[in-house]
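Student: Quick one, final16.cif (mmCIF, C-alpha atoms):
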data_data
#
loop_
_atom_site.label_atom_id
_atom_site.label_comp_id
_atom_site.auth_asym_id
_atom_site.auth_seq_id
_atom_site.Cartn_x
_atom_site.Cartn_y
_atom_site.Cartn_z
CA MET A 1 161.21 82.04 118.75
CA PRO A 2 159.26 82.09 122.04
CA VAL A 3 156.01 80.24 122.12
CA LYS A 4 152.85 82.33 122.13
CA TRP A 5 149.17 81.79 122.73
CA VAL A 6 146.64 84.18 121.22
CA PHE A 7 143.33 84.65 123.02
CA HIS A 8 140.15 86.48 122.12
CA TRP A 9 137.60 87.95 124.48
CA GLN A 10 134.39 85.97 124.46
CA LEU A 11 131.46 88.02 125.66
CA ASN A 12 128.73 86.71 127.89
CA PRO A 13 125.44 86.37 125.97
CA GLY A 14 123.56 89.64 125.64
CA THR A 15 126.57 91.86 126.35
CA THR A 16 128.60 93.97 123.95
CA VAL A 17 132.29 94.63 123.76
CA ASN A 18 133.45 97.97 125.14
CA SER A 19 136.67 99.77 125.92
CA GLN A 20 136.01 99.52 129.67
CA ILE A 21 136.83 95.78 129.49
CA LEU A 22 140.14 96.59 127.82
CA ALA A 23 140.92 99.22 130.45
CA GLU A 24 140.19 96.77 133.27
CA VAL A 25 142.36 94.04 131.73
CA SER A 26 145.21 96.54 131.31
CA GLN A 27 144.85 97.68 134.92
CA CYS A 28 145.00 94.07 135.99
CA ALA A 29 148.38 93.60 134.27
CA GLU A 30 149.64 96.80 135.86
CA THR A 31 148.63 95.66 139.35
CA ILE A 32 150.96 92.66 138.98
CA ASN A 33 153.81 95.06 138.21
CA GLY A 34 153.86 94.61 134.46
CA VAL A 35 156.32 96.83 132.58
CA LYS A 36 154.32 98.66 129.96
CA GLY A 37 154.97 99.34 126.25
CA ARG A 38 152.93 99.77 123.08
CA TRP A 39 152.15 97.15 120.44
CA LYS A 40 150.40 97.05 117.05
CA ALA A 41 149.63 94.51 114.28
CA ASN A 42 147.61 94.75 111.05
CA LEU A 43 145.34 92.21 109.45
CA THR A 44 143.80 92.51 105.99
CA TYR A 45 141.05 90.47 104.36
CA TYR A 46 141.60 89.77 100.66
CA LYS A 47 138.59 88.81 98.59
CA PRO A 48 138.57 87.52 95.00
CA ILE A 49 137.53 89.66 92.06
CA PHE A 50 135.42 87.76 89.55
CA ARG A 51 134.90 88.73 85.94
CA ASP A 52 131.56 86.94 85.95
CA GLN A 53 129.88 87.00 89.36
CA THR A 54 127.30 84.41 88.33
CA ALA A 55 129.75 81.75 87.13
CA PRO A 56 130.26 78.86 89.57
CA SER A 57 133.66 78.94 91.17
CA GLU A 58 135.86 76.97 93.52
CA ILE A 59 137.89 80.06 94.37
CA PRO A 60 138.29 80.69 98.13
CA ARG A 61 135.97 83.36 99.54
CA ASP A 62 138.84 85.16 101.22
CA PHE A 63 142.27 84.90 102.76
CA ILE A 64 144.02 86.89 105.43
CA GLY A 65 147.26 88.86 105.27
CA ILE A 66 148.84 89.81 108.59
CA SER A 67 151.90 91.84 109.51
CA LEU A 68 153.36 91.33 112.96
CA PRO A 69 155.52 93.67 115.02
CA GLU A 70 158.18 90.98 115.65
CA GLN A 71 158.73 90.55 111.88
CA PRO A 72 158.22 94.05 110.45
CA ASN A 73 159.53 93.13 106.97
CA LYS A 74 157.32 90.08 106.57
CA CYS A 75 153.72 89.41 105.65
CA TYR A 76 151.83 86.21 106.43
CA PHE A 77 149.02 84.97 104.20
CA THR A 78 146.64 82.48 105.77
CA LEU A 79 144.13 80.50 103.75
CA ARG A 80 142.23 78.63 106.44
CA SER A 81 140.01 76.67 104.06
CA HIS A 82 143.11 75.04 102.55
CA ARG A 83 145.20 75.00 105.75
CA ILE A 84 147.98 77.06 104.18
CA VAL A 85 150.08 79.75 105.81
CA VAL A 86 152.73 81.47 103.68
CA GLU A 87 155.55 83.66 104.88
CA ALA A 88 156.65 86.32 102.38
CA ASP A 89 158.30 89.72 102.17
CA LEU A 90 156.09 92.79 102.62
CA SER A 91 156.40 93.39 98.85
CA ILE A 92 154.02 90.47 98.29
CA GLN A 93 151.24 92.94 99.17
CA ASN A 94 152.27 95.09 96.18
CA ILE A 95 152.37 92.00 93.97
CA MET A 96 148.80 91.11 95.01
CA GLU A 97 147.74 94.64 94.16
CA LYS A 98 149.33 94.39 90.68
CA LEU A 99 147.71 91.02 89.98
CA GLN A 100 144.21 92.48 90.49
CA SER A 101 142.84 89.01 91.21
CA TYR A 102 142.20 89.58 94.93
CA LYS A 103 141.43 92.91 96.50
CA SER A 104 142.12 94.00 100.06
CA ARG A 105 138.65 94.72 101.47
CA VAL A 106 138.92 95.29 105.18
CA THR A 107 141.95 96.07 107.31
CA LEU A 108 141.78 95.55 111.04
CA VAL A 109 144.26 96.95 113.49
CA PHE A 110 145.25 95.20 116.71
CA GLU A 111 146.58 97.83 119.02
CA GLY A 112 147.29 98.09 122.70
CA PHE A 113 149.81 97.65 125.47
CA GLN A 114 152.38 95.00 126.21
CA TYR A 115 153.59 94.01 129.65
CA HIS A 116 156.66 92.15 130.80
CA LEU A 117 155.74 89.88 133.68
CA GLY A 118 158.91 87.99 134.52
CA ASP A 119 159.51 85.43 131.76
CA PHE A 120 156.13 86.20 130.24
CA GLN A 121 155.11 88.92 127.85
CA VAL A 122 151.44 89.77 127.71
CA ARG A 123 149.92 91.95 125.02
CA VAL A 124 146.37 93.18 125.28
CA GLY A 125 144.80 95.09 122.43
CA LYS A 126 141.64 96.28 120.83
CA VAL A 127 140.53 95.14 117.38
CA VAL A 128 139.36 98.11 115.31
CA PRO A 129 138.94 98.70 111.57
CA SER A 130 141.63 101.00 110.17
CA HIS A 131 140.43 104.63 110.08
CA SER A 132 137.77 103.91 112.68
CA GLU A 133 137.46 103.55 116.43
CA ASN A 134 134.59 101.10 116.19
CA LEU A 135 135.64 98.36 118.64
CA ARG A 136 135.21 94.88 117.13
CA GLY A 137 136.88 92.78 119.77
CA ILE A 138 139.70 92.35 122.26
CA VAL A 139 142.70 90.08 121.85
CA MET A 140 145.47 88.99 124.15
CA GLU A 141 148.83 87.38 123.44
CA VAL A 142 150.72 85.48 126.12
CA GLU A 143 154.32 84.74 125.25
CA TYR A 144 156.68 82.60 127.31
CA LEU A 145 160.14 83.88 126.47
CA PRO A 146 162.44 80.96 127.48
CA ILE A 147 160.81 78.16 125.42
CA SER A 148 160.01 77.70 121.72
CA SER A 149 158.45 74.24 121.92
CA LEU A 150 154.67 74.22 122.06
CA GLU A 151 154.53 70.89 123.87
CA LYS A 152 157.24 71.65 126.43
CA SER A 153 155.64 74.98 127.31
CA ARG A 154 152.06 73.72 127.47
CA GLU A 155 151.95 73.12 131.21
CA ILE A 156 153.49 76.43 132.21
CA MET A 157 151.27 78.28 129.72
CA GLU A 158 148.20 76.60 131.18
CA ASP A 159 149.32 77.49 134.71
CA PHE A 160 149.94 81.11 133.79
CA THR A 161 146.59 81.32 131.97
CA GLU A 162 144.79 79.92 135.00
CA ILE A 163 146.35 82.48 137.36
CA TRP A 164 145.65 85.26 134.90
CA GLN A 165 142.01 84.24 134.40
CA GLU A 166 141.60 84.01 138.15
CA THR A 167 142.99 87.52 138.61
CA LEU A 168 140.66 88.83 135.93
CA SER A 169 137.63 87.04 137.33
CA LYS A 170 137.85 89.21 140.48
CA ARG A 171 136.81 92.16 138.34
CA SER A 172 133.48 90.55 137.33
CA LEU A 173 133.88 91.39 133.67
CA PRO A 174 131.15 90.28 131.20
CA GLY A 175 133.10 87.50 129.51
CA ARG A 176 136.47 85.79 129.46
CA PHE A 177 139.53 85.18 127.31
CA ILE A 178 139.38 82.03 125.19
CA HIS A 179 142.35 80.24 123.67
CA ALA A 180 141.29 78.01 120.78
CA GLU A 181 144.52 76.37 119.66
CA PRO A 182 144.49 75.55 115.95
CA ASN A 183 145.77 72.19 114.74
CA PHE A 184 149.15 73.52 113.62
CA SER A 185 150.22 70.25 112.02
CA GLU A 186 147.34 70.60 109.51
CA PHE A 187 149.12 73.75 108.33
CA GLY A 188 152.41 71.87 108.05
CA LEU A 189 153.80 73.62 111.14
CA SER A 190 155.95 71.79 113.66
CA ASP A 191 156.22 71.97 117.45
CA ASN A 192 158.94 74.63 117.12
CA TYR A 193 157.14 77.97 117.34
CA THR A 194 157.39 80.50 114.45
CA SER A 195 155.58 83.65 113.35
CA GLN A 196 153.57 81.44 111.00
CA HIS A 197 152.02 79.87 114.11
CA THR A 198 151.04 83.38 115.24
CA ALA A 199 149.47 84.14 111.85
CA VAL A 200 147.39 80.95 112.02
CA GLN A 201 146.27 81.81 115.56
CA TYR A 202 145.14 85.27 114.45
CA ALA A 203 143.22 83.76 111.53
CA THR A 204 141.51 81.43 114.03
CA VAL A 205 140.77 84.32 116.41
CA MET A 206 139.21 86.29 113.55
CA ALA A 207 137.01 83.34 112.61
CA GLN A 208 135.85 83.14 116.25
CA LEU A 209 135.19 86.89 116.44
CA ILE A 210 133.18 86.82 113.22
CA ALA A 211 131.23 83.76 114.35
CA SER A 212 130.37 85.35 117.70
CA ALA A 213 129.41 88.67 116.02
CA GLN A 214 127.07 86.76 113.71
CA SER A 215 125.54 84.85 116.58
CA VAL A 216 124.61 88.02 118.53
CA PRO A 217 121.35 88.70 116.62
CA ALA A 218 120.33 85.06 117.13
CA VAL A 219 120.79 85.43 120.90
CA ARG A 220 118.74 88.61 120.93
CA ASN A 221 115.94 87.02 118.93
CA MET B 1 161.23 98.80 88.30
CA GLU B 2 164.06 97.20 86.44
CA CYS B 3 166.07 97.86 83.30
CA VAL B 4 166.70 94.86 81.08
CA VAL B 5 168.39 93.83 77.82
CA GLN B 6 168.82 90.35 76.39
CA GLY B 7 170.92 88.59 73.79
CA ILE B 8 171.89 85.12 72.66
CA ILE B 9 175.28 83.47 72.36
CA GLU B 10 176.42 80.15 71.00
CA THR B 11 177.34 77.75 73.80
CA GLN B 12 180.81 77.32 72.33
CA HIS B 13 181.54 81.02 73.09
CA VAL B 14 180.15 81.03 76.62
CA GLU B 15 183.52 80.28 78.16
CA ALA B 16 185.00 83.32 76.43
CA LEU B 17 182.09 85.45 77.64
CA GLU B 18 182.70 84.20 81.16
CA ILE B 19 186.37 85.24 80.96
CA LEU B 20 185.37 88.65 79.67
CA LEU B 21 182.73 89.13 82.37
CA GLN B 22 185.14 87.99 85.04
CA GLY B 23 187.60 90.65 83.88
CA LEU B 24 184.97 93.37 83.64
CA CYS B 25 183.14 92.68 86.88
CA GLY B 26 185.99 91.68 89.16
CA VAL B 27 183.74 89.35 91.16
CA GLN B 28 183.29 85.61 91.24
CA LYS B 29 180.48 84.11 89.23
CA GLU B 30 177.61 82.43 90.98
CA ARG B 31 176.17 79.20 89.70
CA LEU B 32 172.57 79.39 88.60
CA ARG B 33 169.96 76.65 88.64
CA ILE B 34 166.45 78.03 88.80
CA HIS B 35 163.17 76.23 88.31
CA GLU B 36 160.70 78.78 86.93
CA LEU B 37 156.99 78.10 87.19
CA HIS B 38 154.84 80.45 85.14
CA LEU B 39 151.30 80.75 86.47
CA LYS B 40 148.21 82.31 84.94
CA SER B 41 144.97 83.27 86.63
CA GLY B 42 142.05 80.89 86.15
CA PRO B 43 139.31 81.76 83.62
CA ASN B 44 137.06 83.81 85.88
CA LEU B 45 139.56 85.16 88.39
CA GLY B 46 140.57 88.80 88.51
CA ALA B 47 139.50 92.08 86.96
CA VAL B 48 141.90 91.22 84.14
CA PRO B 49 143.86 88.03 83.38
CA SER B 50 147.11 88.05 85.33
CA ASP B 51 150.30 86.04 85.48
CA LEU B 52 153.26 85.63 87.77
CA LYS B 53 156.40 83.56 88.08
CA ILE B 54 157.39 81.42 91.02
CA LEU B 55 161.11 80.79 91.09
CA CYS B 56 162.76 78.00 93.00
CA ASP B 57 166.50 78.45 93.43
CA LEU B 58 167.85 74.91 93.30
CA GLU B 59 171.44 76.02 93.77
CA GLN B 60 170.89 76.68 97.48
CA PRO B 61 171.44 73.84 99.98
CA GLU B 62 167.76 74.25 100.92
CA PRO B 63 165.84 75.51 97.83
CA THR B 64 164.52 79.06 98.26
CA TRP B 65 161.35 80.43 96.69
CA THR B 66 160.59 83.80 95.13
CA VAL B 67 157.41 85.28 93.66
CA ARG B 68 158.07 87.62 90.75
CA HIS B 69 155.64 89.86 88.91
CA VAL B 70 156.81 91.51 85.73
CA GLY B 71 154.64 94.40 84.62
CA GLY B 72 154.30 96.17 81.31
CA PRO B 73 157.18 98.14 79.76
CA MET B 74 157.46 101.88 80.10
CA ARG B 75 155.86 103.53 77.07
CA GLY B 76 156.16 106.81 75.22
CA ALA B 77 158.58 108.56 72.92
CA GLY B 78 161.31 108.62 75.58
CA ALA B 79 161.07 104.86 76.10
CA ASP B 80 161.28 104.20 72.35
CA GLN B 81 164.51 106.17 72.05
CA ILE B 82 166.46 104.21 74.63
CA SER B 83 168.01 100.85 73.86
CA VAL B 84 167.06 99.33 77.22
CA LEU B 85 163.63 98.12 78.32
CA VAL B 86 162.36 99.73 81.50
CA ARG B 87 159.53 97.82 83.18
CA THR B 88 157.91 97.32 86.52
CA MET B 89 159.13 94.29 88.42
CA LEU B 90 158.24 93.21 91.93
CA GLU B 91 159.75 90.35 93.86
CA SER B 92 159.10 88.75 97.19
CA LYS B 93 160.85 85.87 98.90
CA ALA B 94 158.36 83.32 100.17
CA SER B 95 158.08 80.06 102.06
CA LYS B 96 158.17 76.79 100.15
CA ASN B 97 154.40 76.33 100.11
CA VAL B 98 153.86 79.47 98.01
CA LEU B 99 153.14 77.45 94.86
CA ARG B 100 150.40 75.51 96.64
CA PHE B 101 149.04 78.82 97.91
CA PHE B 102 148.70 80.34 94.42
CA TYR B 103 147.16 77.10 93.09
CA ALA B 104 144.60 77.32 95.90
CA LEU B 105 143.89 80.97 95.00
CA GLY B 106 142.91 79.88 91.48
CA TYR B 107 146.15 80.20 89.51
CA LYS B 108 147.12 77.47 87.03
CA LEU B 109 150.50 76.31 85.80
CA ASP B 110 150.98 77.66 82.28
CA HIS B 111 154.49 76.32 81.69
CA GLU B 112 157.70 75.65 83.55
CA LEU B 113 161.36 75.77 82.63
CA LEU B 114 164.76 75.26 84.15
CA ARG B 115 167.41 77.92 83.82
CA VAL B 116 170.96 76.62 84.22
CA GLY B 117 174.07 78.73 83.99
CA PHE B 118 175.86 81.41 85.97
CA ALA B 119 175.43 85.00 87.08
CA PHE B 120 177.63 87.95 87.96
CA HIS B 121 176.35 90.54 90.45
CA PHE B 122 178.43 93.68 90.60
CA HIS B 123 178.36 97.43 91.07
CA ARG B 124 179.19 99.76 88.22
CA GLY B 125 177.67 103.06 89.30
CA VAL B 126 174.49 101.03 89.73
CA GLN B 127 173.87 97.42 90.75
CA ILE B 128 174.00 95.23 87.62
CA THR B 129 173.34 91.51 87.20
CA VAL B 130 174.42 89.51 84.16
CA THR B 131 173.02 86.00 83.78
CA VAL B 132 174.14 83.52 81.15
CA SER B 133 171.91 80.47 81.04
CA SER B 134 170.52 77.69 78.96
CA ILE B 135 166.75 77.41 79.01
CA ASN B 136 165.50 73.88 79.47
CA LYS B 137 162.05 72.38 79.29
CA MET B 138 160.76 69.49 81.33
CA LEU B 139 159.42 66.45 79.52
CA LYS B 140 157.48 65.43 82.63
CA LEU B 141 155.84 67.72 85.18
CA HIS B 142 158.44 69.21 87.57
CA ALA B 143 161.09 66.69 86.39
CA THR B 144 164.01 69.11 86.60
CA ASP B 145 166.53 66.24 86.52
CA GLU B 146 165.34 65.24 83.05
CA ALA B 147 165.19 68.72 81.52
CA VAL B 148 166.31 69.21 77.90
CA PRO B 149 167.50 72.44 76.25
CA VAL B 150 164.86 74.43 74.35
CA THR B 151 167.48 75.82 71.97
CA PRO B 152 170.45 73.41 71.96
CA GLY B 153 173.75 75.14 71.34
CA MET B 154 172.38 78.57 72.31
CA GLN B 155 172.35 80.37 75.63
CA LEU B 156 170.45 83.41 76.82
CA VAL B 157 172.32 86.40 78.22
CA GLU B 158 170.34 88.84 80.30
CA VAL B 159 171.58 92.09 81.82
CA THR B 160 169.32 93.60 84.47
CA ALA B 161 169.51 96.42 86.98
CA PRO B 162 167.01 97.62 89.58
CA ALA B 163 165.76 101.14 88.92
CA SER B 164 163.19 103.65 90.08
CA SER B 165 161.20 106.33 88.26
CA GLU B 166 163.73 108.87 89.59
CA ASN B 167 166.97 107.19 88.55
CA TYR B 168 166.20 105.02 85.53
CA THR B 169 167.98 107.34 83.05
CA GLU B 170 171.20 106.93 85.04
CA VAL B 171 170.69 103.18 85.20
CA VAL B 172 170.03 102.99 81.45
CA ALA B 173 173.23 104.96 80.77
CA ALA B 174 175.31 102.73 83.07
CA MET B 175 173.87 99.58 81.52
CA SER B 176 174.33 100.77 77.94
CA SER B 177 177.92 101.69 78.65
CA PHE B 178 178.57 98.26 80.21
CA CYS B 179 176.88 96.42 77.32
CA GLU B 180 179.25 98.07 74.81
CA HIS B 181 182.07 95.99 76.29
CA LEU B 182 180.19 92.83 75.38
CA ALA B 183 179.38 93.93 71.82
CA PRO B 184 182.11 91.87 70.07
CA LEU B 185 180.59 88.71 71.53
CA LEU B 186 176.87 89.41 71.47
CA HIS B 187 174.12 91.88 70.62
CA LEU B 188 172.02 93.00 73.54
CA SER B 189 168.61 94.48 72.90
CA LYS B 190 165.19 94.90 74.46
CA PRO B 191 163.48 91.55 75.19
CA GLY B 192 161.36 90.42 72.27
CA ILE B 193 163.57 92.10 69.68
CA SER B 194 165.76 89.30 68.38
CA THR B 195 169.06 90.43 66.93
CA GLY B 196 170.68 87.00 66.58
CA VAL B 197 174.34 86.17 67.07
CA VAL B 198 177.12 88.55 66.04
CA PRO B 199 179.53 87.69 63.19
CA THR B 200 182.57 88.79 65.22
CA ALA B 201 181.81 86.37 68.08
CA ALA B 202 184.12 83.57 66.94
CA ALA B 203 187.12 85.87 66.46
CA ALA B 204 186.48 87.75 69.71
CA ALA B 205 186.07 84.49 71.59
CA ALA B 206 189.29 83.08 70.13
CA SER B 207 191.16 86.21 71.17
CA LEU B 208 189.75 86.07 74.71
CA MET B 209 190.52 82.39 75.07
CA SER B 210 194.10 82.83 73.91
CA ASP B 211 195.06 85.48 76.47
CA GLY B 212 192.60 84.86 79.25
CA GLY B 213 190.75 88.15 78.89
CA GLY B 214 193.78 90.44 78.93
CA THR B 215 193.02 91.94 75.53
CA THR B 216 190.84 95.02 75.26
CA LEU B 217 188.28 94.09 72.67
#
Translate this structure into structure tokens?
Tutor:
Amino acid sequence: MPVKWVFHWQLNPGTTVNSQILAEVSQCAETINGVKGRWKANLTYYKPIFRDQTAPSEIPRDFIGISLPEQPNKCYFTLRSHRIVVEADLSIQNIMEKLQSYKSRVTLVFEGFQYHLGDFQVRVGKVVPSHSENLRGIVMEVEYLPISSLEKSREIMEDFTEIWQETLSKRSLPGRFIHAEPNFSEFGLSDNYTSQHTAVQYATVMAQLIASAQSVPAVRN
Amino acid sequence: MECVVQGIIETQHVEALEILLQGLCGVQKERLRIHELHLKSGPNLGAVPSDLKILCDLEQPEPTWTVRHVGGPMRGAGADQISVLVRTMLESKASKNVLRFFYALGYKLDHELLRVGFAFHFHRGVQITVTVSSINKMLKLHATDEAVPVTPGMQLVEVTAPASSENYTEVVAAMSSFCEHLAPLLHLSKPGISTGVVPTAAAAAASLMSDGGGTTL
């Protein structure tokens, strides 16, 4: 499948995320004649249920389940602490529910527009909790349709990203898109791009969003 | 949900059962070689203790993995009256690292076994699967090549069919009717209720073997 980079919006210190940024990024894609469509993905945090909260435990604090629009019948579980990403059928979510060992705590929705720009597909979306419009972040996917090798596509992805960032910078927005590429080989993933790579990227993006949200009070203080 | 009945048959009569099933189902058998890993939740994990099975299909050129959760049986007067067990069952295909994933989540290996035999998948009003297999245990962890039978000379026969809360009575009826055809060779009953081998098995098997399944038992 085509290689994809997932970015998150990193705010400048002292600023907060708002829907105006998303609107400006979308306008930017439209100005370079992007063909528009809608896009949506879901991400759920699972946390363990303990019988005895006080007992010491080596159980992971959480793991992430994500469903992606390109694989609507699949679910991807990512356990970052153990560098594991599992692909399973959607029914695995029902199995987890039956087991009652981990509970889905928070579901986040990634939702926005996708644009075809030649051989590239760009998706820009807001990150909001399900049943809420409380904006938690902004993500962007850049997909290069002709190539599925991460290494072979690296140069063209970097070139596209540079042009894109340059176009965005003209709008003087309070931040920029960051692409923090995970070490895929640690997760047992090869150079040939799969949806498991996407799941790992989203898990990484979430870790970055949480880290930056937690660092905001420190900046203010 | 699924409907299920089980029975046992002496290995010497399995060939006759295969002939009979071939005649009844009209489909080719599929070879079966499944490594079953039974996991239990660790001591402090979960609102209640839980278990699941991870199945590795070794018959495929590249082994495939499935997570299976079998829930409790349907209860009540209605459930007691039917000869088939109706229970919740959920399955999901998964990537090969799924075992490592559940270990990391805090599940432990309780036991493992190797199921070797054959299966028939066919449609008889409803989708029915019959598996005939010997259950083997491993003397060393994961050593499927050195597995030995748990009950030498005996094989397990399992008839299952997917069902839902809306259609399970139809499924039970279709399964019961199908199981009657197997009655001369084996008793089929709800799992956990052992009915042993049937006295007519040897004669029925001999008859089947002599005419290749042409006789109506």
Student: Per residue of chain B within 7 Å of chain A, what are the shortest atom pair and its distance in Å to one decimal, counting all atoms listed in the file, with rows by chain and residue number, as JSON lines?
Tutor:
{"residue": "B:Asn44", "atom": "CA", "partner": "A:Arg51", "partner_atom": "CA", "distance": 5.4}
{"residue": "B:Leu45", "atom": "CA", "partner": "A:Phe50", "partner_atom": "CA", "distance": 5.0}
{"residue": "B:Gly46", "atom": "CA", "partner": "A:Ser101", "partner_atom": "CA", "distance": 3.5}
{"residue": "B:Ala47", "atom": "CA", "partner": "A:Arg51", "partner_atom": "CA", "distance": 5.8}
{"residue": "B:Val48", "atom": "CA", "partner": "A:Gln100", "partner_atom": "CA", "distance": 6.9}
{"residue": "B:Ser50", "atom": "CA", "partner": "A:Leu99", "partner_atom": "CA", "distance": 5.6}
{"residue": "B:His69", "atom": "CA", "partner": "A:Ile95", "partner_atom": "CA", "distance": 6.4}
{"residue": "B:Leu90", "atom": "CA", "partner": "A:Ile95", "partner_atom": "CA", "distance": 6.3}
{"residue": "B:Glu91", "atom": "CA", "partner": "A:Ser91", "partner_atom": "CA", "distance": 6.7}
{"residue": "B:Ser92", "atom": "CA", "partner": "A:Asp89", "partner_atom": "CA", "distance": 5.1}
{"residue": "B:Lys93", "atom": "CA", "partner": "A:Ala88", "partner_atom": "CA", "distance": 5.5}
{"residue": "B:Ala94", "atom": "CA", "partner": "A:Ala88", "partner_atom": "CA", "distance": 4.1}
{"residue": "B:Ser95", "atom": "CA", "partner": "A:Glu87", "partner_atom": "CA", "distance": 5.2}
{"residue": "B:Asn97", "atom": "CA", "partner": "A:Val86", "partner_atom": "CA", "distance": 6.5}
{"residue": "B:Val98", "atom": "CA", "partner": "A:Val86", "partner_atom": "CA", "distance": 6.1}
{"residue": "B:Phe101", "atom": "CA", "partner": "A:Ile84", "partner_atom": "CA", "distance": 6.6}
{"residue": "B:Leu105", "atom": "CA", "partner": "A:Ile59", "partner_atom": "CA", "distance": 6.1}
{"residue": "B:Gly106", "atom": "CA", "partner": "A:Ile59", "partner_atom": "CA", "distance": 5.8}
Student: Starting from the shown file, work through the PyMOL selection byres ((chain B and resi 164) around 12) and note down what comes out as a list in words.
Tutor: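 Evaluating the PyMOL selection byres ((chain B and resi 164) around 12) on these coordinates yields Met1, Glu2, Cys3, Met74, Val86, Arg87, Thr88, Met89, Leu90, Val126, Ala161, Pro162, Ala163, Ser165, Glu166, Asn167, Tyr168, Thr169, Glu170, Val171 and Val172 of chain B.
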Student: Starting from the PyMOL selection byres ((chain B and resi 202) around 10), expand the selection into actual residues of this file and give them as a list in words.
Tutor: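 That expression, the PyMOL selection byres ((chain B and resi 202) around 10), corresponds here to Glu10, Gln12, His13, Ala16, Pro184, Leu185, Val198, Pro199, Thr200, Ala201, Ala203, Ala204, Ala205, Ala206, Ser207 and Leu208 of chain B.
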Student: Under the PyMOL selection byres ((chain B and resi 27) around 8), which residues of this model are included? Write them out as a list in words.
Tutor: Gln22, Cys25, Gly26, Gln28, Lys29, Phe120, His121 and Phe122 of chain B
Student: So the first atom is atom CA of Ala29 of chain A and the second is atom CA of His116 of chain A; what is the distance between them in Å, to one decimal place?
Tutor: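 Computing it gives 9.1 Å between the two atoms.
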Student: Kindly indicate which residue among B:Leu99, B:Val84, B:Val148, B:Leu113 lies nearest to Gly7 of chain B, using all atoms listed in the file for the distances.
Tutor: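 Once distances to Gly7 of chain B are computed over all atoms listed in the file, the minimum belongs to B:Val84.
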Student: Within 12 Å of Ser185 of chain A, counting only C-alpha atoms, which residues show up once you throw out same-chain ones fewer than 2 positions away? Write them as a ChimeraX atom specification, please.
Tutor: /A:83-85,150,181-183,187-193,196-197,200
Student: If we count only C-alpha atoms and set the cut-off at 8 Å, which residues sit around Gly42 of chain B, ignoring sequence neighbours fewer than 6 positions away in its own chain? Please answer as a ChimeraX atom specification.
Tutor: /B:49,106-108
Student: Using 5 Å of padding on each side, determine the axis-aligned box around all atoms of segment 135-138 of chain A present in the file and give its centre and edge lengths in Å to one decimal, as AutoDock Vina command-line options.
Tutor:
--center_x 137.5 --center_y 95.4 --center_z 119.7 --size_x 14.5 --size_y 16.0 --size_z 15.1
Student: Taking into account only C-alpha atoms, which residue in the set B:His123, B:Arg100, B:Lys140, B:Arg68 is nearest to Leu55 of chain B?
Tutor: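 Answer, going by the shortest atom-to-atom distance: B:Arg68.
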Student: Would you list the contacts of Cys28 of chain A as a list of chain:residue names, taking every protein, DNA or RNA residue within 10 Å and counting only C-alpha atoms, but skipping same-chain residues closer than 6 positions in sequence?
Tutor: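 The filter keeps A:Leu22, A:Gly34, A:Trp164, A:Thr167, A:Leu168, A:Lys170, A:Arg171.
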